[in-house]
>>> print(open('final37.csv').read())   # CSV, N, CA and C atoms
chain,number,residue,atom,x,y,z
P,1,MET,N,92.8,126.5,79.8
P,1,MET,CA,92.5,125.3,79.2
P,1,MET,C,91.5,125.6,78.0
P,2,ARG,N,91.4,124.6,77.1
P,2,ARG,CA,90.5,124.8,76.0
P,2,ARG,C,89.4,123.7,76.0
P,3,ASP,N,89.6,122.7,76.9
P,3,ASP,CA,88.6,121.6,76.9
P,3,ASP,C,88.7,121.0,78.4
P,4,ALA,N,87.6,121.0,79.1
P,4,ALA,CA,87.6,120.6,80.5
P,4,ALA,C,86.4,119.7,80.8
P,5,LEU,N,86.6,118.8,81.8
P,5,LEU,CA,85.6,117.9,82.3
P,5,LEU,C,85.5,118.0,83.8
P,6,PHE,N,84.2,118.0,84.3
P,6,PHE,CA,84.0,118.0,85.7
P,6,PHE,C,82.8,117.1,86.1
P,7,PRO,N,82.8,116.6,87.3
P,7,PRO,CA,81.7,115.8,87.8
P,7,PRO,C,80.4,116.7,88.0
P,8,ALA,N,79.3,116.1,87.8
P,8,ALA,CA,78.0,116.8,88.0
P,8,ALA,C,77.0,115.9,88.8
P,9,ARG,N,76.4,116.4,89.8
P,9,ARG,CA,75.4,115.6,90.5
P,9,ARG,C,74.3,116.5,91.0
P,10,ARG,N,73.1,115.9,91.1
P,10,ARG,CA,72.0,116.7,91.6
P,10,ARG,C,71.0,115.7,92.3
P,11,LYS,N,70.5,116.1,93.4
P,11,LYS,CA,69.4,115.3,94.1
P,11,LYS,C,68.5,116.4,94.5
P,12,GLN,N,67.2,116.4,94.0
P,12,GLN,CA,66.3,117.4,94.3
P,12,GLN,C,66.1,117.6,95.8
P,13,GLY,N,66.1,118.9,96.2
P,13,GLY,CA,66.0,119.2,97.6
P,13,GLY,C,67.3,119.1,98.4
P,14,GLY,N,68.4,118.7,97.7
P,14,GLY,CA,69.6,118.5,98.4
P,14,GLY,C,70.8,119.1,97.5
P,15,VAL,N,71.6,118.2,97.0
P,15,VAL,CA,72.8,118.5,96.3
P,15,VAL,C,72.6,119.1,94.9
P,16,ARG,N,73.3,120.1,94.6
P,16,ARG,CA,73.3,120.8,93.3
P,16,ARG,C,74.7,121.1,92.8
P,17,THR,N,75.0,120.9,91.5
P,17,THR,CA,76.3,121.2,91.0
P,17,THR,C,76.2,122.6,90.4
P,18,ALA,N,77.1,123.5,90.7
P,18,ALA,CA,77.2,124.8,90.1
P,18,ALA,C,78.6,124.9,89.4
P,19,ALA,N,78.6,125.6,88.3
P,19,ALA,CA,79.9,125.9,87.5
P,19,ALA,C,80.1,127.4,87.3
P,20,ALA,N,81.3,127.8,87.3
P,20,ALA,CA,81.7,129.1,87.0
P,20,ALA,C,82.8,129.1,86.0
P,21,LEU,N,82.6,129.8,84.9
P,21,LEU,CA,83.6,129.8,83.8
P,21,LEU,C,84.0,131.2,83.5
P,22,ARG,N,85.3,131.3,83.1
P,22,ARG,CA,85.9,132.7,82.8
P,22,ARG,C,86.7,132.6,81.5
P,23,ASN,N,86.4,133.6,80.7
P,23,ASN,CA,87.1,133.7,79.4
P,23,ASN,C,88.5,134.4,79.7
P,24,LEU,N,89.6,133.7,79.3
P,24,LEU,CA,90.9,134.3,79.6
P,24,LEU,C,91.4,135.2,78.4
P,25,GLY,N,90.6,135.4,77.4
P,25,GLY,CA,91.1,136.2,76.3
P,25,GLY,C,90.4,137.5,76.1
P,26,GLY,N,90.9,138.3,75.2
P,26,GLY,CA,90.3,139.6,74.9
P,26,GLY,C,89.2,139.6,73.9
P,27,GLU,N,88.8,138.4,73.4
P,27,GLU,CA,87.7,138.4,72.5
P,27,GLU,C,86.6,137.5,73.0
P,28,ALA,N,85.3,137.8,72.7
P,28,ALA,CA,84.2,137.0,73.1
P,28,ALA,C,84.3,135.6,72.5
P,29,MET,N,83.7,134.6,73.2
P,29,MET,CA,83.7,133.3,72.8
P,29,MET,C,82.4,132.5,73.2
P,30,LYS,N,82.2,131.4,72.5
P,30,LYS,CA,81.1,130.6,72.9
P,30,LYS,C,81.6,129.2,73.2
P,31,LEU,N,81.5,128.8,74.4
P,31,LEU,CA,81.9,127.4,74.8
P,31,LEU,C,80.7,126.5,74.5
P,32,THR,N,81.1,125.3,74.1
P,32,THR,CA,80.1,124.2,73.9
P,32,THR,C,80.2,123.3,75.1
P,33,CYS,N,79.1,123.1,75.8
P,33,CYS,CA,79.1,122.2,77.0
P,33,CYS,C,78.1,121.1,76.8
P,34,HIS,N,78.6,119.9,77.2
P,34,HIS,CA,77.8,118.6,77.0
P,34,HIS,C,77.5,118.1,78.4
P,35,LEU,N,76.3,117.7,78.7
P,35,LEU,CA,75.9,117.0,79.9
P,35,LEU,C,76.0,115.5,79.5
P,36,MET,N,76.8,114.7,80.3
P,36,MET,CA,77.0,113.3,79.9
P,36,MET,C,76.7,112.4,81.1
P,37,SER,N,76.4,111.2,80.7
P,37,SER,CA,76.2,110.1,81.7
P,37,SER,C,76.5,108.8,81.1
P,38,GLY,N,77.4,108.1,81.7
P,38,GLY,CA,77.9,106.8,81.2
P,38,GLY,C,78.6,106.9,79.8
P,39,GLY,N,79.2,108.1,79.6
P,39,GLY,CA,79.9,108.3,78.3
P,39,GLY,C,79.0,108.8,77.2
P,40,ALA,N,77.7,108.8,77.4
P,40,ALA,CA,76.8,109.3,76.3
P,40,ALA,C,76.4,110.8,76.6
P,41,VAL,N,76.3,111.5,75.5
P,41,VAL,CA,75.9,112.9,75.6
P,41,VAL,C,74.4,113.0,75.7
P,42,LEU,N,73.9,113.6,76.7
P,42,LEU,CA,72.5,113.7,77.0
P,42,LEU,C,71.9,115.0,76.4
P,43,GLU,N,72.7,116.1,76.5
P,43,GLU,CA,72.2,117.4,76.1
P,43,GLU,C,73.5,118.3,75.9
P,44,GLU,N,73.3,119.3,74.9
P,44,GLU,CA,74.4,120.2,74.6
P,44,GLU,C,73.8,121.6,74.8
P,45,THR,N,74.7,122.5,75.3
P,45,THR,CA,74.3,123.9,75.4
P,45,THR,C,75.5,124.8,75.1
P,46,THR,N,75.2,126.0,74.7
P,46,THR,CA,76.3,127.0,74.4
P,46,THR,C,76.3,128.1,75.5
P,47,ILE,N,77.5,128.3,76.0
P,47,ILE,CA,77.8,129.3,77.0
P,47,ILE,C,78.5,130.5,76.4
P,48,SER,N,77.9,131.7,76.4
P,48,SER,CA,78.6,132.8,75.8
P,48,SER,C,79.4,133.5,76.9
P,49,LEU,N,80.6,133.9,76.5
P,49,LEU,CA,81.5,134.6,77.5
P,49,LEU,C,82.0,135.9,76.8
P,50,GLU,N,81.8,137.0,77.4
P,50,GLU,CA,82.4,138.3,76.9
P,50,GLU,C,83.9,138.3,77.0
P,51,PRO,N,84.6,139.2,76.4
P,51,PRO,CA,86.1,139.3,76.6
P,51,PRO,C,86.4,139.4,78.0
P,52,ASN,N,87.3,138.6,78.5
P,52,ASN,CA,87.6,138.6,80.0
P,52,ASN,C,86.4,138.4,80.9
P,53,GLY,N,85.3,137.9,80.4
P,53,GLY,CA,84.1,137.8,81.1
P,53,GLY,C,83.9,136.5,81.8
P,54,GLN,N,82.9,136.5,82.7
P,54,GLN,CA,82.6,135.2,83.4
P,54,GLN,C,81.2,135.0,83.6
P,55,THR,N,80.8,133.8,83.9
P,55,THR,CA,79.4,133.4,84.1
P,55,THR,C,79.4,132.3,85.1
P,56,SER,N,78.2,132.1,85.7
P,56,SER,CA,78.0,130.9,86.6
P,56,SER,C,76.6,130.4,86.4
P,57,TRP,N,76.4,129.1,86.7
P,57,TRP,CA,75.1,128.5,86.5
P,57,TRP,C,75.0,127.2,87.3
P,58,PHE,N,73.8,126.8,87.6
P,58,PHE,CA,73.5,125.5,88.1
P,58,PHE,C,73.1,124.5,87.0
P,59,LEU,N,73.5,123.3,87.3
P,59,LEU,CA,73.3,122.2,86.3
P,59,LEU,C,71.9,122.2,85.7
P,60,GLU,N,70.9,122.2,86.5
P,60,GLU,CA,69.5,122.1,86.1
P,60,GLU,C,69.0,123.3,85.2
P,61,ASN,N,69.7,124.5,85.4
P,61,ASN,CA,69.3,125.6,84.7
P,61,ASN,C,69.9,125.7,83.3
P,62,GLU,N,71.1,125.1,83.1
P,62,GLU,CA,71.8,125.2,81.8
P,62,GLU,C,71.4,124.0,81.0
P,63,PHE,N,70.9,122.9,81.6
P,63,PHE,CA,70.5,121.7,80.8
P,63,PHE,C,69.0,121.4,81.2
P,64,PRO,N,68.1,122.2,80.8
P,64,PRO,CA,66.7,122.1,81.2
P,64,PRO,C,65.9,120.9,80.5
P,65,GLU,N,66.4,120.4,79.4
P,65,GLU,CA,65.7,119.4,78.7
P,65,GLU,C,65.9,118.0,79.3
P,66,THR,N,67.0,117.9,80.1
P,66,THR,CA,67.3,116.6,80.7
P,66,THR,C,66.8,116.6,82.2
P,67,ASP,N,66.2,115.5,82.6
P,67,ASP,CA,65.7,115.4,83.9
P,67,ASP,C,66.9,115.1,84.8
P,68,THR,N,67.3,116.1,85.6
P,68,THR,CA,68.4,116.0,86.5
P,68,THR,C,67.9,115.9,88.0
P,69,THR,N,66.7,115.5,88.2
P,69,THR,CA,66.1,115.4,89.5
P,69,THR,C,67.0,114.6,90.4
P,70,ASP,N,67.5,113.5,89.9
P,70,ASP,CA,68.3,112.5,90.6
P,70,ASP,C,69.4,112.1,89.6
P,71,PHE,N,70.5,112.9,89.5
P,71,PHE,CA,71.5,112.7,88.4
P,71,PHE,C,72.9,112.6,88.9
P,72,VAL,N,73.7,111.7,88.3
P,72,VAL,CA,75.1,111.6,88.5
P,72,VAL,C,75.7,111.5,87.1
P,73,GLY,N,76.7,112.4,86.8
P,73,GLY,CA,77.3,112.3,85.5
P,73,GLY,C,78.5,113.3,85.4
P,74,THR,N,78.7,113.8,84.2
P,74,THR,CA,79.8,114.8,84.0
P,74,THR,C,79.3,115.9,83.1
P,75,VAL,N,80.1,117.0,83.1
P,75,VAL,CA,79.9,118.1,82.1
P,75,VAL,C,81.3,118.3,81.4
P,76,ARG,N,81.2,118.4,80.1
P,76,ARG,CA,82.4,118.7,79.4
P,76,ARG,C,82.2,120.0,78.6
P,77,CYS,N,83.1,120.9,78.8
P,77,CYS,CA,83.0,122.2,78.1
P,77,CYS,C,84.3,122.4,77.2
P,78,THR,N,84.0,122.9,76.0
P,78,THR,CA,85.1,123.0,75.0
P,78,THR,C,85.0,124.4,74.4
P,79,ALA,N,86.2,125.0,74.3
P,79,ALA,CA,86.4,126.3,73.6
P,79,ALA,C,86.6,126.1,72.2
P,80,PRO,N,86.1,127.1,71.3
P,80,PRO,CA,86.3,127.0,69.9
P,80,PRO,C,87.8,127.2,69.5
P,81,VAL,N,88.2,126.6,68.4
P,81,VAL,CA,89.5,126.9,67.8
P,81,VAL,C,89.2,127.7,66.5
P,82,GLU,N,89.7,128.9,66.5
P,82,GLU,CA,89.4,129.7,65.3
P,82,GLU,C,90.7,130.2,64.7
P,83,GLY,N,91.1,129.7,63.6
P,83,GLY,CA,92.4,130.0,63.0
P,83,GLY,C,93.5,129.5,63.8
P,84,ALA,N,94.6,130.3,63.9
P,84,ALA,CA,95.8,129.9,64.6
P,84,ALA,C,95.6,130.1,66.1
P,85,GLU,N,94.7,130.9,66.5
P,85,GLU,CA,94.5,131.3,67.9
P,85,GLU,C,93.5,130.4,68.6
P,86,GLU,N,93.9,129.7,69.6
P,86,GLU,CA,93.0,128.9,70.4
P,86,GLU,C,92.4,129.7,71.5
P,87,LYS,N,91.1,129.6,71.7
P,87,LYS,CA,90.4,130.3,72.8
P,87,LYS,C,90.7,129.5,74.1
P,88,ARG,N,90.8,130.2,75.2
P,88,ARG,CA,91.1,129.5,76.5
P,88,ARG,C,90.2,130.1,77.6
P,89,PHE,N,89.9,129.2,78.5
P,89,PHE,CA,89.0,129.6,79.6
P,89,PHE,C,89.5,128.9,80.9
P,90,THR,N,89.0,129.3,82.0
P,90,THR,CA,89.2,128.6,83.3
P,90,THR,C,87.9,128.3,83.9
P,91,GLY,N,87.8,127.3,84.7
P,91,GLY,CA,86.6,126.9,85.3
P,91,GLY,C,86.7,126.4,86.7
P,92,LEU,N,85.6,126.5,87.4
P,92,LEU,CA,85.4,126.1,88.8
P,92,LEU,C,84.1,125.4,88.9
P,93,ALA,N,84.1,124.2,89.6
P,93,ALA,CA,82.8,123.5,89.8
P,93,ALA,C,82.6,123.3,91.3
P,94,VAL,N,81.4,123.4,91.8
P,94,VAL,CA,81.1,123.3,93.2
P,94,VAL,C,79.9,122.5,93.4
P,95,GLU,N,79.9,121.6,94.4
P,95,GLU,CA,78.7,120.9,94.8
P,95,GLU,C,78.1,121.6,96.0
P,96,VAL,N,76.9,122.0,95.9
P,96,VAL,CA,76.2,122.8,97.0
P,96,VAL,C,75.2,121.9,97.6
P,97,ASP,N,75.2,121.8,98.9
P,97,ASP,CA,74.2,121.1,99.6
P,97,ASP,C,73.5,122.1,100.6
P,98,ALA,N,72.5,122.8,100.1
P,98,ALA,CA,71.8,123.8,100.9
P,98,ALA,C,71.1,123.3,102.1
P,99,ALA,N,70.6,122.1,102.0
P,99,ALA,CA,69.9,121.5,103.2
P,99,ALA,C,70.8,121.4,104.4
P,100,ASN,N,72.1,121.0,104.1
P,100,ASN,CA,73.1,120.8,105.2
P,100,ASN,C,74.0,122.0,105.3
P,101,ARG,N,73.8,123.0,104.5
P,101,ARG,CA,74.6,124.2,104.5
P,101,ARG,C,76.1,123.9,104.3
P,102,ILE,N,76.5,123.1,103.3
P,102,ILE,CA,77.9,122.8,103.0
P,102,ILE,C,78.1,122.9,101.5
P,103,PHE,N,79.3,123.1,101.1
P,103,PHE,CA,79.7,123.0,99.7
P,103,PHE,C,81.1,122.3,99.6
P,104,THR,N,81.3,121.7,98.4
P,104,THR,CA,82.5,121.0,98.2
P,104,THR,C,83.0,121.4,96.8
P,105,THR,N,84.3,121.8,96.7
P,105,THR,CA,84.8,122.1,95.3
P,105,THR,C,85.0,120.8,94.6
P,106,LEU,N,84.8,120.8,93.3
P,106,LEU,CA,85.0,119.6,92.5
P,106,LEU,C,86.2,119.8,91.5
P,107,PRO,N,86.8,118.7,91.2
P,107,PRO,CA,88.0,118.8,90.2
P,107,PRO,C,87.5,119.2,88.8
P,108,VAL,N,88.1,120.1,88.2
P,108,VAL,CA,87.9,120.5,86.8
P,108,VAL,C,89.2,120.1,86.1
P,109,VAL,N,89.1,119.0,85.2
P,109,VAL,CA,90.2,118.4,84.6
P,109,VAL,C,90.4,118.8,83.2
P,110,PRO,N,91.5,119.2,82.7
P,110,PRO,CA,91.7,119.5,81.3
P,110,PRO,C,91.7,118.2,80.5
P,111,VAL,N,91.1,118.2,79.3
P,111,VAL,CA,91.0,117.1,78.4
P,111,VAL,C,92.0,117.3,77.3
P,112,GLU,N,92.8,116.3,76.9
P,112,GLU,CA,93.8,116.5,75.9
P,112,GLU,C,93.1,116.3,74.5
P,113,GLU,N,92.3,115.4,74.3
P,113,GLU,CA,91.7,115.1,73.0
P,113,GLU,C,90.3,115.8,72.9
P,114,ARG,N,90.0,116.3,71.7
P,114,ARG,CA,88.7,116.8,71.4
P,114,ARG,C,87.7,115.7,71.2
P,115,MET,N,86.4,116.0,71.7
P,115,MET,CA,85.3,115.1,71.5
P,115,MET,C,84.9,115.1,70.1
P,116,SER,N,84.7,113.9,69.5
P,116,SER,CA,84.2,113.9,68.1
P,116,SER,C,82.8,114.3,68.0
P,117,ARG,N,82.5,115.0,67.0
P,117,ARG,CA,81.1,115.5,66.8
P,117,ARG,C,80.3,114.5,66.0
>>> encode(input="final37.csv", output="structure tokens")
Amino acid sequence: MRDALFPARRKQGGVRTAAALRNLGGEAMKLTCHLMSGGAVLEETTISLEPNGQTSWFLENEFPETDTTDFVGTVRCTAPVEGAEEKRFTGLAVEVDAANRIFTTLPVVPVEERMSR
């Protein structure tokens, strides 16, 4: 996929959302990820991925400027389009509840239209 959306939630001392992203191509890329709530972009970050590389992170670590102490929203990650070749990635999102020792996988949904800048 080149553009994906997944739910994000955090409650301090309880639920945390984690994401894992993997570059499906042989060239490095930088994904642009937006933390959103109610359709509004709250914060933007850039995720660097090496060729065929992967990374993982918790919501509060990648979006430190937004108070996610008690948060419900979404994250949208978009791969760059450079020339004729589109960059592609895959993603996994997980909701972790360490207090109750459980985790739940979250849907990562491809988005057809690009977000306007």
>>> select_by_dssp(input="final37.csv", residues="chain P", states="strand (DSSP E)", output="short mmCIF file (atom, residue, chain, number, x, y, z; two decimals) with N, CA and C atoms, in the frame of the given file")
data_model
loop_
_atom_site.label_atom_id
_atom_site.label_comp_id
_atom_site.auth_asym_id
_atom_site.auth_seq_id
_atom_site.Cartn_x
_atom_site.Cartn_y
_atom_site.Cartn_z
N ASP P 3 89.60 122.70 76.90
CA ASP P 3 88.60 121.60 76.90
C ASP P 3 88.70 121.00 78.40
N ALA P 4 87.60 121.00 79.10
CA ALA P 4 87.60 120.60 80.50
C ALA P 4 86.40 119.70 80.80
N LEU P 5 86.60 118.80 81.80
CA LEU P 5 85.60 117.90 82.30
C LEU P 5 85.50 118.00 83.80
N PHE P 6 84.20 118.00 84.30
CA PHE P 6 84.00 118.00 85.70
C PHE P 6 82.80 117.10 86.10
N PRO P 7 82.80 116.60 87.30
CA PRO P 7 81.70 115.80 87.80
C PRO P 7 80.40 116.70 88.00
N ALA P 8 79.30 116.10 87.80
CA ALA P 8 78.00 116.80 88.00
C ALA P 8 77.00 115.90 88.80
N ARG P 9 76.40 116.40 89.80
CA ARG P 9 75.40 115.60 90.50
C ARG P 9 74.30 116.50 91.00
N ARG P 10 73.10 115.90 91.10
CA ARG P 10 72.00 116.70 91.60
C ARG P 10 71.00 115.70 92.30
N LYS P 11 70.50 116.10 93.40
CA LYS P 11 69.40 115.30 94.10
C LYS P 11 68.50 116.40 94.50
N VAL P 15 71.60 118.20 97.00
CA VAL P 15 72.80 118.50 96.30
C VAL P 15 72.60 119.10 94.90
N ARG P 16 73.30 120.10 94.60
CA ARG P 16 73.30 120.80 93.30
C ARG P 16 74.70 121.10 92.80
N THR P 17 75.00 120.90 91.50
CA THR P 17 76.30 121.20 91.00
C THR P 17 76.20 122.60 90.40
N ALA P 18 77.10 123.50 90.70
CA ALA P 18 77.20 124.80 90.10
C ALA P 18 78.60 124.90 89.40
N ALA P 19 78.60 125.60 88.30
CA ALA P 19 79.90 125.90 87.50
C ALA P 19 80.10 127.40 87.30
N ALA P 20 81.30 127.80 87.30
CA ALA P 20 81.70 129.10 87.00
C ALA P 20 82.80 129.10 86.00
N LEU P 21 82.60 129.80 84.90
CA LEU P 21 83.60 129.80 83.80
C LEU P 21 84.00 131.20 83.50
N ARG P 22 85.30 131.30 83.10
CA ARG P 22 85.90 132.70 82.80
C ARG P 22 86.70 132.60 81.50
N ASN P 23 86.40 133.60 80.70
CA ASN P 23 87.10 133.70 79.40
C ASN P 23 88.50 134.40 79.70
N MET P 29 83.70 134.60 73.20
CA MET P 29 83.70 133.30 72.80
C MET P 29 82.40 132.50 73.20
N LYS P 30 82.20 131.40 72.50
CA LYS P 30 81.10 130.60 72.90
C LYS P 30 81.60 129.20 73.20
N LEU P 31 81.50 128.80 74.40
CA LEU P 31 81.90 127.40 74.80
C LEU P 31 80.70 126.50 74.50
N THR P 32 81.10 125.30 74.10
CA THR P 32 80.10 124.20 73.90
C THR P 32 80.20 123.30 75.10
N CYS P 33 79.10 123.10 75.80
CA CYS P 33 79.10 122.20 77.00
C CYS P 33 78.10 121.10 76.80
N HIS P 34 78.60 119.90 77.20
CA HIS P 34 77.80 118.60 77.00
C HIS P 34 77.50 118.10 78.40
N LEU P 35 76.30 117.70 78.70
CA LEU P 35 75.90 117.00 79.90
C LEU P 35 76.00 115.50 79.50
N MET P 36 76.80 114.70 80.30
CA MET P 36 77.00 113.30 79.90
C MET P 36 76.70 112.40 81.10
N SER P 37 76.40 111.20 80.70
CA SER P 37 76.20 110.10 81.70
C SER P 37 76.50 108.80 81.10
N ALA P 40 77.70 108.80 77.40
CA ALA P 40 76.80 109.30 76.30
C ALA P 40 76.40 110.80 76.60
N VAL P 41 76.30 111.50 75.50
CA VAL P 41 75.90 112.90 75.60
C VAL P 41 74.40 113.00 75.70
N LEU P 42 73.90 113.60 76.70
CA LEU P 42 72.50 113.70 77.00
C LEU P 42 71.90 115.00 76.40
N GLU P 43 72.70 116.10 76.50
CA GLU P 43 72.20 117.40 76.10
C GLU P 43 73.50 118.30 75.90
N GLU P 44 73.30 119.30 74.90
CA GLU P 44 74.40 120.20 74.60
C GLU P 44 73.80 121.60 74.80
N THR P 45 74.70 122.50 75.30
CA THR P 45 74.30 123.90 75.40
C THR P 45 75.50 124.80 75.10
N THR P 46 75.20 126.00 74.70
CA THR P 46 76.30 127.00 74.40
C THR P 46 76.30 128.10 75.50
N ILE P 47 77.50 128.30 76.00
CA ILE P 47 77.80 129.30 77.00
C ILE P 47 78.50 130.50 76.40
N SER P 48 77.90 131.70 76.40
CA SER P 48 78.60 132.80 75.80
C SER P 48 79.40 133.50 76.90
N LEU P 49 80.60 133.90 76.50
CA LEU P 49 81.50 134.60 77.50
C LEU P 49 82.00 135.90 76.80
N GLN P 54 82.90 136.50 82.70
CA GLN P 54 82.60 135.20 83.40
C GLN P 54 81.20 135.00 83.60
N THR P 55 80.80 133.80 83.90
CA THR P 55 79.40 133.40 84.10
C THR P 55 79.40 132.30 85.10
N SER P 56 78.20 132.10 85.70
CA SER P 56 78.00 130.90 86.60
C SER P 56 76.60 130.40 86.40
N TRP P 57 76.40 129.10 86.70
CA TRP P 57 75.10 128.50 86.50
C TRP P 57 75.00 127.20 87.30
N PHE P 58 73.80 126.80 87.60
CA PHE P 58 73.50 125.50 88.10
C PHE P 58 73.10 124.50 87.00
N ASP P 70 67.50 113.50 89.90
CA ASP P 70 68.30 112.50 90.60
C ASP P 70 69.40 112.10 89.60
N PHE P 71 70.50 112.90 89.50
CA PHE P 71 71.50 112.70 88.40
C PHE P 71 72.90 112.60 88.90
N VAL P 72 73.70 111.70 88.30
CA VAL P 72 75.10 111.60 88.50
C VAL P 72 75.70 111.50 87.10
N GLY P 73 76.70 112.40 86.80
CA GLY P 73 77.30 112.30 85.50
C GLY P 73 78.50 113.30 85.40
N THR P 74 78.70 113.80 84.20
CA THR P 74 79.80 114.80 84.00
C THR P 74 79.30 115.90 83.10
N VAL P 75 80.10 117.00 83.10
CA VAL P 75 79.90 118.10 82.10
C VAL P 75 81.30 118.30 81.40
N ARG P 76 81.20 118.40 80.10
CA ARG P 76 82.40 118.70 79.40
C ARG P 76 82.20 120.00 78.60
N CYS P 77 83.10 120.90 78.80
CA CYS P 77 83.00 122.20 78.10
C CYS P 77 84.30 122.40 77.20
N THR P 78 84.00 122.90 76.00
CA THR P 78 85.10 123.00 75.00
C THR P 78 85.00 124.40 74.40
N VAL P 81 88.20 126.60 68.40
CA VAL P 81 89.50 126.90 67.80
C VAL P 81 89.20 127.70 66.50
N GLU P 82 89.70 128.90 66.50
CA GLU P 82 89.40 129.70 65.30
C GLU P 82 90.70 130.20 64.70
N GLU P 85 94.70 130.90 66.50
CA GLU P 85 94.50 131.30 67.90
C GLU P 85 93.50 130.40 68.60
N GLU P 86 93.90 129.70 69.60
CA GLU P 86 93.00 128.90 70.40
C GLU P 86 92.40 129.70 71.50
N PHE P 89 89.90 129.20 78.50
CA PHE P 89 89.00 129.60 79.60
C PHE P 89 89.50 128.90 80.90
N THR P 90 89.00 129.30 82.00
CA THR P 90 89.20 128.60 83.30
C THR P 90 87.90 128.30 83.90
N GLY P 91 87.80 127.30 84.70
CA GLY P 91 86.60 126.90 85.30
C GLY P 91 86.70 126.40 86.70
N LEU P 92 85.60 126.50 87.40
CA LEU P 92 85.40 126.10 88.80
C LEU P 92 84.10 125.40 88.90
N ALA P 93 84.10 124.20 89.60
CA ALA P 93 82.80 123.50 89.80
C ALA P 93 82.60 123.30 91.30
N VAL P 94 81.40 123.40 91.80
CA VAL P 94 81.10 123.30 93.20
C VAL P 94 79.90 122.50 93.40
N GLU P 95 79.90 121.60 94.40
CA GLU P 95 78.70 120.90 94.80
C GLU P 95 78.10 121.60 96.00
N VAL P 96 76.90 122.00 95.90
CA VAL P 96 76.20 122.80 97.00
C VAL P 96 75.20 121.90 97.60
N ASP P 97 75.20 121.80 98.90
CA ASP P 97 74.20 121.10 99.60
C ASP P 97 73.50 122.10 100.60
N ILE P 102 76.50 123.10 103.30
CA ILE P 102 77.90 122.80 103.00
C ILE P 102 78.10 122.90 101.50
N PHE P 103 79.30 123.10 101.10
CA PHE P 103 79.70 123.00 99.70
C PHE P 103 81.10 122.30 99.60
N THR P 104 81.30 121.70 98.40
CA THR P 104 82.50 121.00 98.20
C THR P 104 83.00 121.40 96.80
N THR P 105 84.30 121.80 96.70
CA THR P 105 84.80 122.10 95.30
C THR P 105 85.00 120.80 94.60
N LEU P 106 84.80 120.80 93.30
CA LEU P 106 85.00 119.60 92.50
C LEU P 106 86.20 119.80 91.50
N VAL P 109 89.10 119.00 85.20
CA VAL P 109 90.20 118.40 84.60
C VAL P 109 90.40 118.80 83.20
N PRO P 110 91.50 119.20 82.70
CA PRO P 110 91.70 119.50 81.30
C PRO P 110 91.70 118.20 80.50
#
>>> closest_residue(input="final37.csv", among="P:Ala4, P:Val41, P:Leu21, P:Cys77", to="P:Val108", atoms="only N, CA and C atoms")
P:Ala4
>>> atom_distance(input="final37.csv", atom1="atom CA of P:Val111", atom2="atom CA of P:Pro7")
13.3 Å
>>> residues_near_point(input="final37.csv", point="(78.4, 126.7, 89.9)", cutoff="6 Å", atoms="only N, CA and C atoms", output="MDAnalysis selection string")
chainID P and resid 17:20 56:58 92:94
>>> atom_distance(input="final37.csv", atom1="atom CA of P:Ala99", atom2="atom CA of P:Val75")
23.6 Å
>>> select_by_dssp(input="final37.csv", residues="chain P", states="helix (DSSP H, G or I)", output="VMD selection string")
chain P and resid 59 to 62
>>> atom_distance(input="final37.csv", atom1="atom CA of P:Val109", atom2="atom N of P:Met1")
9.8 Å
>>> closest_residue(input="final37.csv", among="P:Thr68, P:Thr46, P:Gln54, P:Gln12", to="P:Gly25", atoms="only C-alpha atoms")
P:Gln54
>>> closest_residue(input="final37.csv", among="P:Gly91, P:Pro110, P:Pro64, P:Gly73", to="P:Leu24", atoms="only C-alpha atoms")
P:Gly91
>>> closest_residue(input="final37.csv", among="P:Lys30, P:Glu95, P:Glu60, P:Glu65", to="P:Leu42", atoms="all atoms listed in the file")
P:Glu65
>>> closest_residue(input="final37.csv", among="P:Thr69, P:Thr105, P:Asn100, P:Thr74", to="P:Ser37", atoms="all atoms listed in the file")
P:Thr74
>>> residues_around(input="final37.csv", residues="P:Ala98", least_positions_apart="2", cutoff="6 Å", atoms="all atoms listed in the file", output="MDAnalysis selection string")
chainID P and resid 14:15 96 100:102
>>> closest_residue(input="final37.csv", among="P:Phe6, P:Phe103, P:Phe71, P:Phe63", to="P:Glu44", atoms="all atoms listed in the file")
P:Phe63
>>> residues_near_point(input="final37.csv", point="(78.7, 139.5, 78.1)", cutoff="12 Å", atoms="only C-alpha atoms", output="MDAnalysis selection string")
chainID P and resid 22:23 27:30 47:55
>>> build_atoms(input="final37.csv", residues="stretch 37-42 of chain P", atoms="N, CA, C and O atoms", output="mmCIF file, keeping the file's coordinate frame")
data_model
loop_
_atom_site.group_PDB
_atom_site.id
_atom_site.type_symbol
_atom_site.label_atom_id
_atom_site.label_comp_id
_atom_site.auth_asym_id
_atom_site.auth_seq_id
_atom_site.Cartn_x
_atom_site.Cartn_y
_atom_site.Cartn_z
ATOM 1 N N SER P 37 76.400 111.200 80.700
ATOM 2 C CA SER P 37 76.200 110.100 81.700
ATOM 3 C C SER P 37 76.500 108.800 81.100
ATOM 4 O O SER P 37 76.080 108.509 79.945
ATOM 5 N N GLY P 38 77.400 108.100 81.700
ATOM 6 C CA GLY P 38 77.900 106.800 81.200
ATOM 7 C C GLY P 38 78.600 106.900 79.800
ATOM 8 O O GLY P 38 78.504 106.024 79.005
ATOM 9 N N GLY P 39 79.200 108.100 79.600
ATOM 10 C CA GLY P 39 79.900 108.300 78.300
ATOM 11 C C GLY P 39 79.000 108.800 77.200
ATOM 12 O O GLY P 39 79.510 109.189 76.132
ATOM 13 N N ALA P 40 77.700 108.800 77.400
ATOM 14 C CA ALA P 40 76.800 109.300 76.300
ATOM 15 C C ALA P 40 76.400 110.800 76.600
ATOM 16 O O ALA P 40 76.201 111.195 77.717
ATOM 17 N N VAL P 41 76.300 111.500 75.500
ATOM 18 C CA VAL P 41 75.900 112.900 75.600
ATOM 19 C C VAL P 41 74.400 113.000 75.700
ATOM 20 O O VAL P 41 73.690 112.442 74.834
ATOM 21 N N LEU P 42 73.900 113.600 76.700
ATOM 22 C CA LEU P 42 72.500 113.700 77.000
ATOM 23 C C LEU P 42 71.900 115.000 76.400
ATOM 24 O O LEU P 42 70.755 115.098 75.965
#
